[in-house]
file start-v9.cif (mmCIF, C-alpha atoms and all ligand atoms)
data_final
loop_
_atom_site.label_atom_id
_atom_site.label_comp_id
_atom_site.auth_asym_id
_atom_site.auth_seq_id
_atom_site.Cartn_x
_atom_site.Cartn_y
_atom_site.Cartn_z
CA MET A 1054 43.42 -7.34 24.08
CA VAL A 1055 41.52 -4.59 25.85
CA ARG A 1056 38.65 -3.12 23.94
CA VAL A 1057 37.81 0.44 24.78
CA ALA A 1058 34.28 1.65 24.37
CA ALA A 1059 35.40 4.41 22.03
CA ALA A 1060 35.44 3.83 18.30
CA ALA A 1061 38.37 1.87 16.98
CA SER A 1062 41.20 4.08 15.84
CA ALA A 1063 41.45 5.13 12.23
CA SER A 1064 44.83 3.51 11.77
CA ASP A 1065 43.48 0.20 13.14
CA MET A 1066 40.71 0.38 10.58
CA GLN A 1067 43.05 1.24 7.75
CA GLN A 1068 45.11 -1.80 8.71
CA LEU A 1069 42.08 -4.06 8.90
CA ALA A 1070 40.86 -2.85 5.49
CA GLN A 1071 44.34 -3.48 4.15
CA SER A 1072 44.56 -7.00 5.50
CA GLU A 1073 41.05 -7.87 4.28
CA GLY A 1074 41.90 -6.78 0.76
CA CYS A 1075 39.38 -3.91 0.65
CA PHE A 1076 41.93 -1.70 -1.06
CA SER A 1077 42.17 -4.00 -4.05
CA CYS A 1078 38.73 -2.63 -4.99
CA HIS A 1079 38.46 0.59 -2.97
CA ALA A 1080 40.58 3.67 -2.39
CA ILE A 1081 39.93 6.49 0.04
CA ASP A 1082 39.59 9.24 -2.53
CA HIS A 1083 39.07 7.75 -5.98
CA LYS A 1084 36.96 5.12 -7.66
CA LYS A 1085 38.51 1.74 -8.40
CA VAL A 1086 36.41 -1.39 -8.90
CA GLY A 1087 34.23 -0.07 -6.08
CA PRO A 1088 33.35 3.48 -5.05
CA ALA A 1089 35.82 5.74 -3.20
CA TYR A 1090 35.31 5.62 0.56
CA SER A 1091 35.03 9.40 0.54
CA ALA A 1092 32.20 9.13 -2.00
CA ILE A 1093 30.42 6.59 0.21
CA ALA A 1094 30.79 8.90 3.21
CA GLN A 1095 29.35 11.76 1.20
CA ARG A 1096 26.44 9.74 -0.16
CA TYR A 1097 25.34 8.59 3.30
CA ALA A 1098 26.22 11.78 5.17
CA ASN A 1099 22.60 12.60 5.99
CA ASN A 1100 21.34 9.05 6.40
CA PRO A 1101 20.71 8.21 10.06
CA HIS A 1102 20.93 4.48 9.26
CA ALA A 1103 24.21 4.78 7.37
CA ALA A 1104 26.37 2.75 9.76
CA ALA A 1105 23.92 -0.17 9.77
CA ILE A 1106 23.48 -0.05 5.99
CA LEU A 1107 27.22 -0.13 5.36
CA GLN A 1108 27.75 -2.80 8.02
CA ASP A 1109 25.20 -4.96 6.23
CA ALA A 1110 26.82 -4.32 2.83
CA ILE A 1111 30.21 -5.37 4.20
CA LEU A 1112 28.88 -8.52 5.87
CA ASN A 1113 26.41 -9.67 3.24
CA GLY A 1114 27.63 -8.05 0.05
CA HIS A 1115 25.82 -5.50 -2.02
CA GLN A 1116 24.95 -4.67 -5.58
CA GLY A 1117 23.18 -1.96 -7.51
CA THR A 1118 23.82 1.25 -5.59
CA TRP A 1119 26.99 2.19 -7.44
CA GLY A 1120 26.81 0.10 -10.59
CA VAL A 1121 26.58 -3.49 -11.72
CA ILE A 1122 29.71 -4.85 -10.06
CA PRO A 1123 28.86 -6.51 -6.74
CA MET A 1124 30.58 -5.94 -3.43
CA PRO A 1125 31.59 -9.36 -2.04
CA ALA A 1126 30.16 -10.59 1.27
CA TYR A 1127 32.63 -10.81 4.15
CA ALA A 1128 30.57 -12.72 6.71
CA PRO A 1129 30.12 -16.20 5.19
CA ASP A 1130 33.74 -17.28 5.30
CA GLY A 1131 34.25 -15.74 8.71
CA TYR A 1132 36.50 -12.99 7.40
CA LEU A 1133 34.78 -10.33 9.48
CA ASN A 1134 32.46 -10.42 12.46
CA PRO A 1135 29.60 -7.91 12.81
CA HIS A 1136 31.58 -5.82 15.27
CA GLN A 1137 34.49 -5.40 12.87
CA ALA A 1138 32.12 -4.64 10.00
CA LEU A 1139 30.44 -1.91 12.06
CA ASP A 1140 33.82 -0.41 12.99
CA LEU A 1141 34.79 -0.40 9.31
CA ALA A 1142 31.46 1.18 8.37
CA LYS A 1143 31.94 3.99 10.91
CA TRP A 1144 35.51 4.52 9.74
CA ILE A 1145 34.40 4.80 6.10
CA LEU A 1146 31.68 7.28 7.11
CA SER A 1147 34.35 9.42 8.77
CA LEU A 1148 36.24 9.78 5.48
CA LYS A 1149 34.20 12.65 4.09
CA PRO A 1150 36.19 14.81 1.68
CA THR A 1151 37.18 18.14 3.13
CA PRO A 1152 35.47 20.93 1.24
C1 LIG B 1201 36.04 -7.40 -5.39
C2 LIG B 1201 36.02 -5.96 -5.17
C3 LIG B 1201 35.64 -5.44 -3.77
C4 LIG B 1201 36.25 -5.73 -2.57
C5 LIG B 1201 37.39 -6.69 -2.31
C6 LIG B 1201 35.57 -4.91 -1.58
N1 LIG B 1201 34.60 -4.16 -2.17
FE1 LIG B 1201 33.36 -2.85 -1.22
N2 LIG B 1201 32.35 -2.54 -2.96
C7 LIG B 1201 32.71 -3.06 -4.19
C8 LIG B 1201 31.73 -2.64 -5.19
C9 LIG B 1201 31.77 -2.99 -6.67
C10 LIG B 1201 30.78 -1.85 -4.51
C11 LIG B 1201 29.51 -1.18 -5.07
C12 LIG B 1201 28.30 -2.08 -4.79
C13 LIG B 1201 26.99 -1.46 -5.20
O1 LIG B 1201 26.90 -0.87 -6.28
O2 LIG B 1201 26.02 -1.57 -4.43
C14 LIG B 1201 31.21 -1.79 -3.11
C15 LIG B 1201 30.54 -1.09 -2.13
C16 LIG B 1201 30.99 -0.95 -0.84
C17 LIG B 1201 30.34 -0.14 0.16
C18 LIG B 1201 29.07 0.72 -0.03
C19 LIG B 1201 27.82 -0.13 0.07
C20 LIG B 1201 26.57 0.68 -0.14
O3 LIG B 1201 25.51 0.22 0.32
O4 LIG B 1201 26.59 1.78 -0.72
C21 LIG B 1201 31.09 -0.26 1.32
C22 LIG B 1201 30.82 0.38 2.67
C23 LIG B 1201 32.21 -1.14 1.02
N3 LIG B 1201 32.11 -1.55 -0.30
C24 LIG B 1201 33.18 -1.51 1.92
C25 LIG B 1201 34.15 -2.49 1.69
C26 LIG B 1201 35.04 -3.00 2.70
C27 LIG B 1201 35.12 -2.50 4.14
C28 LIG B 1201 35.79 -3.97 2.11
C29 LIG B 1201 36.81 -4.89 2.76
C30 LIG B 1201 36.34 -5.59 3.96
C31 LIG B 1201 35.37 -4.04 0.71
N4 LIG B 1201 34.38 -3.13 0.50
C32 LIG B 1201 35.90 -4.90 -0.24
C33 LIG B 1201 33.79 -3.88 -4.45
C34 LIG B 1201 34.60 -4.45 -3.51
#

call {"tool": "encode", "arguments": {"input": "start-v9.cif", "output": "structure tokens"}}
result
Amino acid sequence: MVRVAAAASASDMQQLAQSEGCFSCHAIDHKKVGPAYSAIAQRYANNPHAAAILQDAILNGHQGTWGVIPMPAYAPDGYLNPHQALDLAKWILSLKPTP
């Protein structure tokens, strides 16, 4: 597979999120077990470290920003590598709701 330097395409990311089971807890535009991806994008819109913060949350899990339910870690079992987690983070950050 050839990897272009440009960001992975949105449909690739949607597919990856689908196959990793992200959508069992997340939706693009409404809260499920976890926050809506559009809400995450909005919350971190002005944070210059957003991509790294979300990458870390995806790899190592996270708790306490949105409530008491934890986000599971995706690194330990080798589900996602750091590159994929960063691509997913950037994709989520691109899902800002249109005003
Ligand atoms: C078992 C349910 C569950 C699954 C599966 C899940 N999440 Fe989450 N996710 C959550 C919850 C709950 C939170 C809120 C955590 C918190 O309050 O800090 C969250 C938070 C997040 C955040 C925001 C972290 C932050 O620092 O604000 C991102 C980004 C995210 N999830 C991405 C993903 C991606 C990508 C996947 C699939 C690879 C995924 N999630 C799978 C439940 C889940």

call {"tool": "residues_around", "arguments": {"input": "start-v9.cif", "residues": "A:Ala1092", "least_positions_apart": "2", "cutoff": "8 Å", "atoms": "only C-alpha atoms", "output": "list in words"}}
result
Asp1082, Pro1088, Ala1089, Tyr1090, Ala1094, Gln1095, Arg1096, Lys1149 and Pro1150 of chain A

call {"tool": "closest_residue", "arguments": {"input": "start-v9.cif", "among": "A:Gly1087, A:Gly1114, A:Pro1101, A:Pro1135", "to": "ligand LIG 1201 (chain B)", "atoms": "all atoms listed in the file"}}
result
A:Gly1087

call {"tool": "atom_distance", "arguments": {"input": "start-v9.cif", "atom1": "atom C5 of ligand LIG 1201 (chain B)", "atom2": "atom CA of A:Ser1077"}}
result
5.8 Å

call {"tool": "residues_near_ligand", "arguments": {"input": "start-v9.cif", "ligand": "ligand LIG 1201 (chain B)", "cutoff": "7 Å", "atoms": "all atoms listed in the file", "output": "PDB file with C-alpha atoms, in the coordinates of the input"}}
result
ATOM      1  CA  ALA A1070      40.860  -2.850   5.490  1.00  0.00           C
ATOM      2  CA  GLU A1073      41.050  -7.870   4.280  1.00  0.00           C
ATOM      3  CA  GLY A1074      41.900  -6.780   0.760  1.00  0.00           C
ATOM      4  CA  CYS A1075      39.380  -3.910   0.650  1.00  0.00           C
ATOM      5  CA  PHE A1076      41.930  -1.700  -1.060  1.00  0.00           C
ATOM      6  CA  SER A1077      42.170  -4.000  -4.050  1.00  0.00           C
ATOM      7  CA  CYS A1078      38.730  -2.630  -4.990  1.00  0.00           C
ATOM      8  CA  HIS A1079      38.460   0.590  -2.970  1.00  0.00           C
ATOM      9  CA  VAL A1086      36.410  -1.390  -8.900  1.00  0.00           C
ATOM     10  CA  GLY A1087      34.230  -0.070  -6.080  1.00  0.00           C
ATOM     11  CA  PRO A1088      33.350   3.480  -5.050  1.00  0.00           C
ATOM     12  CA  ILE A1093      30.420   6.590   0.210  1.00  0.00           C
ATOM     13  CA  ILE A1106      23.480  -0.050   5.990  1.00  0.00           C
ATOM     14  CA  LEU A1107      27.220  -0.130   5.360  1.00  0.00           C
ATOM     15  CA  GLN A1108      27.750  -2.800   8.020  1.00  0.00           C
ATOM     16  CA  ALA A1110      26.820  -4.320   2.830  1.00  0.00           C
ATOM     17  CA  ILE A1111      30.210  -5.370   4.200  1.00  0.00           C
ATOM     18  CA  HIS A1115      25.820  -5.500  -2.020  1.00  0.00           C
ATOM     19  CA  GLN A1116      24.950  -4.670  -5.580  1.00  0.00           C
ATOM     20  CA  GLY A1117      23.180  -1.960  -7.510  1.00  0.00           C
ATOM     21  CA  THR A1118      23.820   1.250  -5.590  1.00  0.00           C
ATOM     22  CA  TRP A1119      26.990   2.190  -7.440  1.00  0.00           C
ATOM     23  CA  GLY A1120      26.810   0.100 -10.590  1.00  0.00           C
ATOM     24  CA  VAL A1121      26.580  -3.490 -11.720  1.00  0.00           C
ATOM     25  CA  ILE A1122      29.710  -4.850 -10.060  1.00  0.00           C
ATOM     26  CA  PRO A1123      28.860  -6.510  -6.740  1.00  0.00           C
ATOM     27  CA  MET A1124      30.580  -5.940  -3.430  1.00  0.00           C
ATOM     28  CA  PRO A1125      31.590  -9.360  -2.040  1.00  0.00           C
ATOM     29  CA  TYR A1127      32.630 -10.810   4.150  1.00  0.00           C
ATOM     30  CA  ALA A1138      32.120  -4.640  10.000  1.00  0.00           C
ATOM     31  CA  LEU A1141      34.790  -0.400   9.310  1.00  0.00           C
ATOM     32  CA  ALA A1142      31.460   1.180   8.370  1.00  0.00           C
ATOM     33  CA  ILE A1145      34.400   4.800   6.100  1.00  0.00           C
TER      34      ILE A1145
END

call {"tool": "closest_residue", "arguments": {"input": "start-v9.cif", "among": "A:Leu1069, A:Leu1139, A:Ala1063, A:Leu1148", "to": "A:Ala1104", "atoms": "only C-alpha atoms"}}
result
A:Leu1139

call {"tool": "atom_distance", "arguments": {"input": "start-v9.cif", "atom1": "atom CA of A:Ile1081", "atom2": "atom CA of A:Gly1131"}}
result
24.5 Å
